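With mmCIF, N, CA and C atoms and all ligand atoms inside, this is entry-v3.cif:
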data_entry
loop_
_atom_site.label_atom_id
_atom_site.label_comp_id
_atom_site.auth_asym_id
_atom_site.auth_seq_id
_atom_site.Cartn_x
_atom_site.Cartn_y
_atom_site.Cartn_z
N MET A 176 19.15 -11.61 1.25
CA MET A 176 17.78 -11.37 0.78
C MET A 176 16.76 -12.13 1.64
N ASN A 177 17.11 -13.40 1.99
CA ASN A 177 16.22 -14.20 2.82
C ASN A 177 15.90 -13.51 4.14
N GLU A 178 16.89 -12.83 4.70
CA GLU A 178 16.71 -12.14 5.98
C GLU A 178 15.63 -11.06 5.88
N ILE A 179 15.60 -10.38 4.74
CA ILE A 179 14.59 -9.32 4.53
C ILE A 179 13.20 -9.93 4.63
N PHE A 180 13.00 -11.08 3.98
CA PHE A 180 11.69 -11.72 4.00
C PHE A 180 11.35 -12.23 5.39
N LYS A 181 12.35 -12.76 6.09
CA LYS A 181 12.08 -13.31 7.42
C LYS A 181 11.76 -12.23 8.44
N LYS A 182 12.37 -11.06 8.26
CA LYS A 182 12.21 -10.01 9.27
C LYS A 182 11.01 -9.09 9.02
N ARG A 183 10.44 -9.15 7.82
CA ARG A 183 9.35 -8.22 7.51
C ARG A 183 8.11 -8.56 8.37
N ARG A 184 7.32 -7.55 8.66
CA ARG A 184 6.08 -7.75 9.42
C ARG A 184 5.13 -6.60 9.12
N SER A 185 3.89 -6.80 9.43
CA SER A 185 2.90 -5.76 9.20
C SER A 185 3.00 -4.69 10.28
N ILE A 186 2.86 -3.45 9.88
CA ILE A 186 2.92 -2.33 10.82
C ILE A 186 1.56 -1.64 10.84
N ARG A 187 1.01 -1.48 12.04
CA ARG A 187 -0.31 -0.82 12.15
C ARG A 187 -0.31 0.34 13.12
N GLN A 188 0.90 0.68 13.59
CA GLN A 188 1.04 1.87 14.44
C GLN A 188 2.15 2.71 13.81
N PHE A 189 1.94 4.02 13.82
CA PHE A 189 2.84 4.87 13.05
C PHE A 189 3.37 6.05 13.87
N THR A 190 4.56 6.51 13.48
CA THR A 190 5.10 7.73 14.07
C THR A 190 4.61 8.88 13.20
N ASN A 191 4.96 10.08 13.59
CA ASN A 191 4.54 11.24 12.81
C ASN A 191 5.59 11.66 11.78
N LYS A 192 6.62 10.84 11.65
CA LYS A 192 7.72 11.17 10.75
C LYS A 192 7.23 11.32 9.31
N LYS A 193 7.71 12.38 8.66
CA LYS A 193 7.27 12.65 7.29
C LYS A 193 7.84 11.60 6.33
N VAL A 194 7.00 11.15 5.44
CA VAL A 194 7.46 10.26 4.37
C VAL A 194 7.74 11.16 3.17
N THR A 195 8.98 11.13 2.70
CA THR A 195 9.36 12.08 1.65
C THR A 195 8.86 11.66 0.27
N LYS A 196 8.85 12.64 -0.61
CA LYS A 196 8.47 12.39 -2.00
C LYS A 196 9.41 11.35 -2.62
N GLU A 197 10.69 11.44 -2.27
CA GLU A 197 11.70 10.50 -2.80
C GLU A 197 11.41 9.08 -2.32
N GLN A 198 11.01 8.95 -1.05
CA GLN A 198 10.69 7.62 -0.52
C GLN A 198 9.48 7.02 -1.23
N ILE A 199 8.46 7.88 -1.45
CA ILE A 199 7.26 7.40 -2.16
C ILE A 199 7.64 6.98 -3.58
N HIS A 200 8.45 7.79 -4.22
CA HIS A 200 8.88 7.50 -5.58
C HIS A 200 9.60 6.16 -5.63
N SER A 201 10.47 5.93 -4.66
CA SER A 201 11.23 4.68 -4.60
C SER A 201 10.28 3.48 -4.42
N ILE A 202 9.29 3.62 -3.55
CA ILE A 202 8.32 2.53 -3.32
C ILE A 202 7.54 2.25 -4.62
N LEU A 203 7.10 3.33 -5.27
CA LEU A 203 6.31 3.16 -6.50
C LEU A 203 7.14 2.52 -7.62
N CYS A 204 8.41 2.91 -7.69
CA CYS A 204 9.29 2.32 -8.71
C CYS A 204 9.43 0.83 -8.48
N SER A 205 9.57 0.42 -7.21
CA SER A 205 9.68 -1.02 -6.91
C SER A 205 8.38 -1.73 -7.26
N ALA A 206 7.26 -1.10 -6.90
CA ALA A 206 5.95 -1.74 -7.17
C ALA A 206 5.73 -1.89 -8.67
N MET A 207 6.16 -0.91 -9.43
CA MET A 207 5.87 -0.92 -10.87
C MET A 207 6.70 -1.93 -11.66
N VAL A 208 7.74 -2.49 -11.03
CA VAL A 208 8.48 -3.54 -11.75
C VAL A 208 7.97 -4.93 -11.38
N SER A 209 6.84 -4.97 -10.62
CA SER A 209 6.23 -6.28 -10.33
C SER A 209 5.78 -6.92 -11.63
N PRO A 210 5.90 -8.24 -11.71
CA PRO A 210 5.46 -8.91 -12.94
C PRO A 210 3.94 -9.04 -13.00
N SER A 211 3.38 -9.13 -14.19
CA SER A 211 1.94 -9.38 -14.33
C SER A 211 1.72 -10.26 -15.56
N GLY A 212 0.58 -10.97 -15.55
CA GLY A 212 0.25 -11.85 -16.68
C GLY A 212 0.21 -11.05 -17.98
N ASN A 213 0.84 -11.57 -19.01
CA ASN A 213 0.91 -10.88 -20.31
C ASN A 213 1.54 -9.49 -20.21
N HIS A 214 2.12 -9.25 -19.09
CA HIS A 214 2.78 -7.95 -18.84
C HIS A 214 1.83 -6.77 -19.09
N VAL A 215 0.58 -6.95 -18.65
CA VAL A 215 -0.40 -5.87 -18.90
C VAL A 215 -0.40 -4.82 -17.79
N ASN A 216 0.29 -5.12 -16.70
CA ASN A 216 0.37 -4.17 -15.58
C ASN A 216 -0.99 -3.56 -15.23
N PRO A 217 -1.91 -4.43 -14.76
CA PRO A 217 -3.29 -3.98 -14.57
C PRO A 217 -3.52 -3.23 -13.27
N TRP A 218 -2.75 -2.20 -13.02
CA TRP A 218 -2.87 -1.49 -11.75
C TRP A 218 -2.61 -0.01 -11.92
N GLU A 219 -3.15 0.72 -10.97
CA GLU A 219 -2.82 2.14 -10.85
C GLU A 219 -2.56 2.39 -9.38
N PHE A 220 -1.71 3.33 -9.10
CA PHE A 220 -1.38 3.65 -7.71
C PHE A 220 -1.83 5.07 -7.41
N VAL A 221 -2.52 5.21 -6.29
CA VAL A 221 -2.96 6.55 -5.88
C VAL A 221 -2.31 6.85 -4.52
N VAL A 222 -1.52 7.90 -4.50
CA VAL A 222 -0.86 8.30 -3.25
C VAL A 222 -1.78 9.25 -2.49
N VAL A 223 -2.11 8.88 -1.27
CA VAL A 223 -3.03 9.69 -0.47
C VAL A 223 -2.29 10.28 0.72
N ARG A 224 -2.29 11.59 0.80
CA ARG A 224 -1.61 12.25 1.91
C ARG A 224 -2.56 13.07 2.78
N GLU A 225 -3.69 13.51 2.20
CA GLU A 225 -4.60 14.38 2.96
C GLU A 225 -5.21 13.61 4.13
N LYS A 226 -5.13 14.22 5.31
CA LYS A 226 -5.62 13.57 6.53
C LYS A 226 -7.10 13.18 6.43
N GLU A 227 -7.89 14.06 5.82
CA GLU A 227 -9.33 13.79 5.71
C GLU A 227 -9.58 12.54 4.85
N LYS A 228 -8.82 12.43 3.77
CA LYS A 228 -8.98 11.26 2.88
C LYS A 228 -8.46 10.00 3.55
N LEU A 229 -7.37 10.14 4.32
CA LEU A 229 -6.83 8.97 5.04
C LEU A 229 -7.86 8.48 6.06
N SER A 230 -8.54 9.44 6.70
CA SER A 230 -9.59 9.08 7.67
C SER A 230 -10.72 8.32 6.98
N LYS A 231 -11.11 8.83 5.81
CA LYS A 231 -12.19 8.16 5.07
C LYS A 231 -11.76 6.76 4.64
N LEU A 232 -10.51 6.65 4.19
CA LEU A 232 -10.01 5.33 3.78
C LEU A 232 -10.03 4.36 4.95
N GLY A 233 -9.62 4.87 6.12
CA GLY A 233 -9.59 4.03 7.32
C GLY A 233 -10.97 3.50 7.68
N GLY A 234 -11.99 4.28 7.30
CA GLY A 234 -13.36 3.88 7.63
C GLY A 234 -14.00 3.01 6.55
N CYS A 235 -13.28 2.78 5.47
CA CYS A 235 -13.86 2.04 4.33
C CYS A 235 -14.09 0.57 4.59
N GLY A 236 -13.18 -0.06 5.28
CA GLY A 236 -13.30 -1.51 5.48
C GLY A 236 -13.22 -1.87 6.94
N LYS A 237 -13.42 -3.16 7.19
CA LYS A 237 -13.47 -3.63 8.56
C LYS A 237 -12.08 -3.71 9.20
N TRP A 238 -11.04 -3.93 8.38
CA TRP A 238 -9.72 -4.28 8.91
C TRP A 238 -8.65 -3.24 8.62
N GLN A 239 -9.04 -2.00 8.41
CA GLN A 239 -8.02 -1.01 8.05
C GLN A 239 -8.17 0.32 8.77
N SER A 240 -8.74 0.27 9.97
CA SER A 240 -8.97 1.52 10.70
C SER A 240 -7.66 2.25 10.99
N PHE A 241 -6.53 1.51 11.08
CA PHE A 241 -5.23 2.12 11.37
C PHE A 241 -4.77 3.08 10.28
N VAL A 242 -5.38 2.99 9.10
CA VAL A 242 -4.98 3.88 7.99
C VAL A 242 -5.22 5.35 8.36
N LYS A 243 -6.18 5.59 9.22
CA LYS A 243 -6.47 6.98 9.61
C LYS A 243 -5.30 7.61 10.37
N ASP A 244 -4.42 6.79 10.91
CA ASP A 244 -3.30 7.28 11.73
C ASP A 244 -1.99 7.42 10.97
N CYS A 245 -1.98 7.07 9.70
CA CYS A 245 -0.70 7.15 8.98
C CYS A 245 -0.59 8.48 8.23
N ASN A 246 0.60 8.78 7.76
CA ASN A 246 0.83 10.05 7.05
C ASN A 246 0.63 9.92 5.56
N VAL A 247 0.76 8.71 5.08
CA VAL A 247 0.57 8.50 3.64
C VAL A 247 0.11 7.07 3.41
N ALA A 248 -0.76 6.91 2.44
CA ALA A 248 -1.20 5.56 2.05
C ALA A 248 -1.11 5.47 0.53
N ILE A 249 -0.78 4.30 0.05
CA ILE A 249 -0.79 4.09 -1.40
C ILE A 249 -1.91 3.11 -1.71
N VAL A 250 -2.91 3.60 -2.41
CA VAL A 250 -4.06 2.77 -2.78
C VAL A 250 -3.75 2.14 -4.13
N ILE A 251 -3.90 0.84 -4.19
CA ILE A 251 -3.63 0.14 -5.45
C ILE A 251 -4.96 -0.23 -6.10
N LEU A 252 -5.18 0.27 -7.30
CA LEU A 252 -6.41 -0.01 -8.04
C LEU A 252 -6.11 -1.08 -9.08
N GLY A 253 -6.90 -2.14 -9.07
CA GLY A 253 -6.74 -3.18 -10.08
C GLY A 253 -7.68 -2.91 -11.24
N LYS A 254 -7.16 -3.06 -12.46
CA LYS A 254 -8.02 -2.85 -13.62
C LYS A 254 -8.77 -4.13 -13.91
N GLU A 255 -10.09 -4.03 -13.94
CA GLU A 255 -10.93 -5.22 -14.07
C GLU A 255 -10.91 -5.81 -15.48
N SER A 256 -11.13 -4.97 -16.45
CA SER A 256 -11.24 -5.45 -17.83
C SER A 256 -10.16 -4.83 -18.69
N LEU A 257 -9.35 -5.69 -19.29
CA LEU A 257 -8.23 -5.16 -20.08
C LEU A 257 -8.39 -5.44 -21.57
N GLY A 258 -9.39 -6.27 -21.89
CA GLY A 258 -9.64 -6.56 -23.30
C GLY A 258 -8.49 -7.26 -24.00
N VAL A 259 -7.77 -8.11 -23.26
CA VAL A 259 -6.69 -8.85 -23.92
C VAL A 259 -7.01 -10.33 -23.99
C1 LIG B 301 -4.03 -10.70 0.88
C2 LIG B 301 -3.81 -10.11 2.26
C3 LIG B 301 -4.79 -9.31 2.82
C4 LIG B 301 -4.58 -8.72 4.08
N1 LIG B 301 -5.52 -7.89 4.59
C5 LIG B 301 -5.31 -7.26 5.75
C6 LIG B 301 -6.27 -6.34 6.26
O1 LIG B 301 -7.33 -6.09 5.67
N2 LIG B 301 -6.00 -5.70 7.43
C7 LIG B 301 -4.85 -5.94 8.11
O2 LIG B 301 -4.66 -5.31 9.16
N3 LIG B 301 -3.91 -6.82 7.65
C8 LIG B 301 -4.12 -7.48 6.50
N4 LIG B 301 -3.17 -8.36 6.01
C9 LIG B 301 -1.96 -8.61 6.78
C10 LIG B 301 -2.00 -9.95 7.53
O3 LIG B 301 -2.97 -9.93 8.54
C11 LIG B 301 -0.61 -10.19 8.10
O4 LIG B 301 0.30 -10.27 7.03
C12 LIG B 301 -0.56 -11.44 8.94
O5 LIG B 301 -1.29 -11.25 10.12
C13 LIG B 301 0.87 -11.84 9.32
O6 LIG B 301 1.49 -10.80 10.04
P1 LIG B 301 2.85 -10.15 9.52
O7 LIG B 301 2.56 -9.48 8.19
O8 LIG B 301 3.26 -9.18 10.60
O9 LIG B 301 3.84 -11.26 9.34
C14 LIG B 301 -3.38 -8.95 4.78
C15 LIG B 301 -2.42 -9.79 4.21
C16 LIG B 301 -2.62 -10.35 2.97
C17 LIG B 301 -1.55 -11.22 2.37
#

What would you get if you wrote out this structure as structure tokens?
Ligand SMILES: Cc1cc2nc3c(=O)[nH]c(=O)nc-3n(C[C@H](O)[C@H](O)[C@H](O)COP(=O)(O)O)c2cc1C
Amino acid sequence: MNEIFKKRRSIRQFTNKKVTKEQIHSILCSAMVSPSGNHVNPWEFVVVREKEKLSKLGGCGKWQSFVKDCNVAIVILGKESLGV
């Protein structure tokens, strides 16, 4: 397990290889078992595949222009107010 953490790195250049629905599902399943305070799971995940939307996302911030070049992005929305 330690090796996985040591070898991981950020990727900002992408191939054109298709990311399958099963792969996305697997990533989302892993993300959804993340722990949260009071177990409120204050997040939503939006899977973005459309090139036009990926381009717009890439233009949203200063440090994410590479998003325009990927085939899929998962946007994580944090819920601000949970009333707990
Ligand atoms: C909270 C957080 C925010 C980050 N934001 C960005 C970002 O906006 N753009 C980006 O290209 N990388 C971002 N990174 C990635 C870091 O720059 C990257 O992890 C760091 O340079 C170390 O490189 P590595 O991930 O390859 O080990 C972020 C990382 C963290 C933990």

Can you list, as a PDB file with N, CA and C atoms, keeping the file's coordinate frame, every protein, DNA or RNA residue that comes within 12 Å of Ser240 in chain A when you count only C-alpha atoms, leaving out same-chain residues fewer than 4 positions away?
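Full text of result_19.pdb as output:
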ATOM      1  N   ARG A 187       1.010  -1.480  12.040  1.00  0.00           N
ATOM      2  CA  ARG A 187      -0.310  -0.820  12.150  1.00  0.00           C
ATOM      3  C   ARG A 187      -0.310   0.340  13.120  1.00  0.00           C
ATOM      4  N   GLN A 188       0.900   0.680  13.590  1.00  0.00           N
ATOM      5  CA  GLN A 188       1.040   1.870  14.440  1.00  0.00           C
ATOM      6  C   GLN A 188       2.150   2.710  13.810  1.00  0.00           C
ATOM      7  N   LEU A 229      -7.370  10.140   4.320  1.00  0.00           N
ATOM      8  CA  LEU A 229      -6.830   8.970   5.040  1.00  0.00           C
ATOM      9  C   LEU A 229      -7.860   8.480   6.060  1.00  0.00           C
ATOM     10  N   SER A 230      -8.540   9.440   6.700  1.00  0.00           N
ATOM     11  CA  SER A 230      -9.590   9.080   7.670  1.00  0.00           C
ATOM     12  C   SER A 230     -10.720   8.320   6.980  1.00  0.00           C
ATOM     13  N   LYS A 231     -11.110   8.830   5.810  1.00  0.00           N
ATOM     14  CA  LYS A 231     -12.190   8.160   5.070  1.00  0.00           C
ATOM     15  C   LYS A 231     -11.760   6.760   4.640  1.00  0.00           C
ATOM     16  N   LEU A 232     -10.510   6.650   4.190  1.00  0.00           N
ATOM     17  CA  LEU A 232     -10.010   5.330   3.780  1.00  0.00           C
ATOM     18  C   LEU A 232     -10.030   4.360   4.950  1.00  0.00           C
ATOM     19  N   GLY A 233      -9.620   4.870   6.120  1.00  0.00           N
ATOM     20  CA  GLY A 233      -9.590   4.030   7.320  1.00  0.00           C
ATOM     21  C   GLY A 233     -10.970   3.500   7.680  1.00  0.00           C
ATOM     22  N   GLY A 234     -11.990   4.280   7.300  1.00  0.00           N
ATOM     23  CA  GLY A 234     -13.360   3.880   7.630  1.00  0.00           C
ATOM     24  C   GLY A 234     -14.000   3.010   6.550  1.00  0.00           C
ATOM     25  N   CYS A 235     -13.280   2.780   5.470  1.00  0.00           N
ATOM     26  CA  CYS A 235     -13.860   2.040   4.330  1.00  0.00           C
ATOM     27  C   CYS A 235     -14.090   0.570   4.590  1.00  0.00           C
ATOM     28  N   GLY A 236     -13.180  -0.060   5.280  1.00  0.00           N
ATOM     29  CA  GLY A 236     -13.300  -1.510   5.480  1.00  0.00           C
ATOM     30  C   GLY A 236     -13.220  -1.870   6.940  1.00  0.00           C
ATOM     31  N   ASP A 244      -4.420   6.790  10.910  1.00  0.00           N
ATOM     32  CA  ASP A 244      -3.300   7.280  11.730  1.00  0.00           C
ATOM     33  C   ASP A 244      -1.990   7.420  10.970  1.00  0.00           C
ATOM     34  N   CYS A 245      -1.980   7.070   9.700  1.00  0.00           N
ATOM     35  CA  CYS A 245      -0.700   7.150   8.980  1.00  0.00           C
ATOM     36  C   CYS A 245      -0.590   8.480   8.230  1.00  0.00           C
TER      37      CYS A 245
END

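Considering only C-alpha atoms and all ligand atoms, the residue among A:Ile179, A:Trp238, A:Glu255, A:Val222 positioned nearest to ligand LIG 301 (chain B) is A:Trp238.
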
Neighbours of ligand LIG 301 (chain B) at 6.5 Å or closer, counting all atoms listed in the file: which residues, as a PDB file with N, CA and C atoms, keeping the file's coordinate frame?
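Saved result, selection_10.pdb, follows:
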ATOM      1  N   ARG A 183      10.440  -9.150   7.820  1.00  0.00           N
ATOM      2  CA  ARG A 183       9.350  -8.220   7.510  1.00  0.00           C
ATOM      3  C   ARG A 183       8.110  -8.560   8.370  1.00  0.00           C
ATOM      4  N   ARG A 184       7.320  -7.550   8.660  1.00  0.00           N
ATOM      5  CA  ARG A 184       6.080  -7.750   9.420  1.00  0.00           C
ATOM      6  C   ARG A 184       5.130  -6.600   9.120  1.00  0.00           C
ATOM      7  N   SER A 185       3.890  -6.800   9.430  1.00  0.00           N
ATOM      8  CA  SER A 185       2.900  -5.760   9.200  1.00  0.00           C
ATOM      9  C   SER A 185       3.000  -4.690  10.280  1.00  0.00           C
ATOM     10  N   ILE A 186       2.860  -3.450   9.880  1.00  0.00           N
ATOM     11  CA  ILE A 186       2.920  -2.330  10.820  1.00  0.00           C
ATOM     12  C   ILE A 186       1.560  -1.640  10.840  1.00  0.00           C
ATOM     13  N   LYS A 237     -13.420  -3.160   7.190  1.00  0.00           N
ATOM     14  CA  LYS A 237     -13.470  -3.630   8.560  1.00  0.00           C
ATOM     15  C   LYS A 237     -12.080  -3.710   9.200  1.00  0.00           C
ATOM     16  N   TRP A 238     -11.040  -3.930   8.380  1.00  0.00           N
ATOM     17  CA  TRP A 238      -9.720  -4.280   8.910  1.00  0.00           C
ATOM     18  C   TRP A 238      -8.650  -3.240   8.620  1.00  0.00           C
ATOM     19  N   GLN A 239      -9.040  -2.000   8.410  1.00  0.00           N
ATOM     20  CA  GLN A 239      -8.020  -1.010   8.050  1.00  0.00           C
ATOM     21  C   GLN A 239      -8.170   0.320   8.770  1.00  0.00           C
TER      22      GLN A 239
END

Counting only N, CA and C atoms, the residue of A:Met176, A:Trp218, A:Phe241, A:Glu225 that sits nearest Gly253 in chain A =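 For Gly253 in chain A, the nearest of the candidates is A:Trp218.
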
Adding 5 Å on each side of the box along x, y and z that holds all listed atoms of range 234-245 of chain A, could you give its centre and edge lengths in Å to one decimal, as JSON?
{"center_x": -7.3, "center_y": 2.1, "center_z": 8.0, "size_x": 23.5, "size_y": 22.8, "size_z": 17.4}

ask   = Using only C-alpha atoms, which of the listed residues (A:His200, A:His214, A:Lys181, A:Lys226) sits closest to Asn246 in chain A?
value = A:Lys226

message = So that I can see what lies close to Ala206 in chain A, please list as a PyMOL selection string the residues with an atom at most 10 Å from it, counting only C-alpha atoms and leaving out residues fewer than 4 positions away in the same chain.
response = chain A and resi 200-202+210+218+220+251

query = Could you pull out all residues of chain A with a DSSP call of strand (DSSP E or B) and give them as an NGL selection string?
reply = :A and (218-223 or 248-253)

task = List every residue of chain A that DSSP, applied to the backbone of this structure, places in alpha helix (DSSP H), and write the result as a list in words.
result = Asn177, Glu178, Ile179, Phe180, Lys181, Lys182, Lys196, Glu197, Gln198, Ile199, His200, Ser201, Ile202, Leu203, Cys204, Ser205, Ala206, Met207, Lys226, Glu227, Lys228, Leu229, Ser230, Lys231, Leu232 and Gly233 of chain A

ask   = Smallest atom-to-atom distance to Val194 in chain A: which of A:Asn177, A:Val247, A:Met207, A:Glu219, using all atoms listed in the file?
value =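 Comparing A:Asn177, A:Val247, A:Met207, A:Glu219 against Val194 in chain A, the winner is A:Val247.
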
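Atom pair CA of Val223 in chain A / atom C of Ala248 in chain A: separated by 4.7 Å.
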
query = Between CA of Asn191 in chain A and atom N of Val242 in chain A, what is the distance, to one decimal in Å?
reply = 13.4 Å

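Distance-wise, CA of Lys193 in chain A and CA of Val208 in chain A end up 25.0 Å apart.
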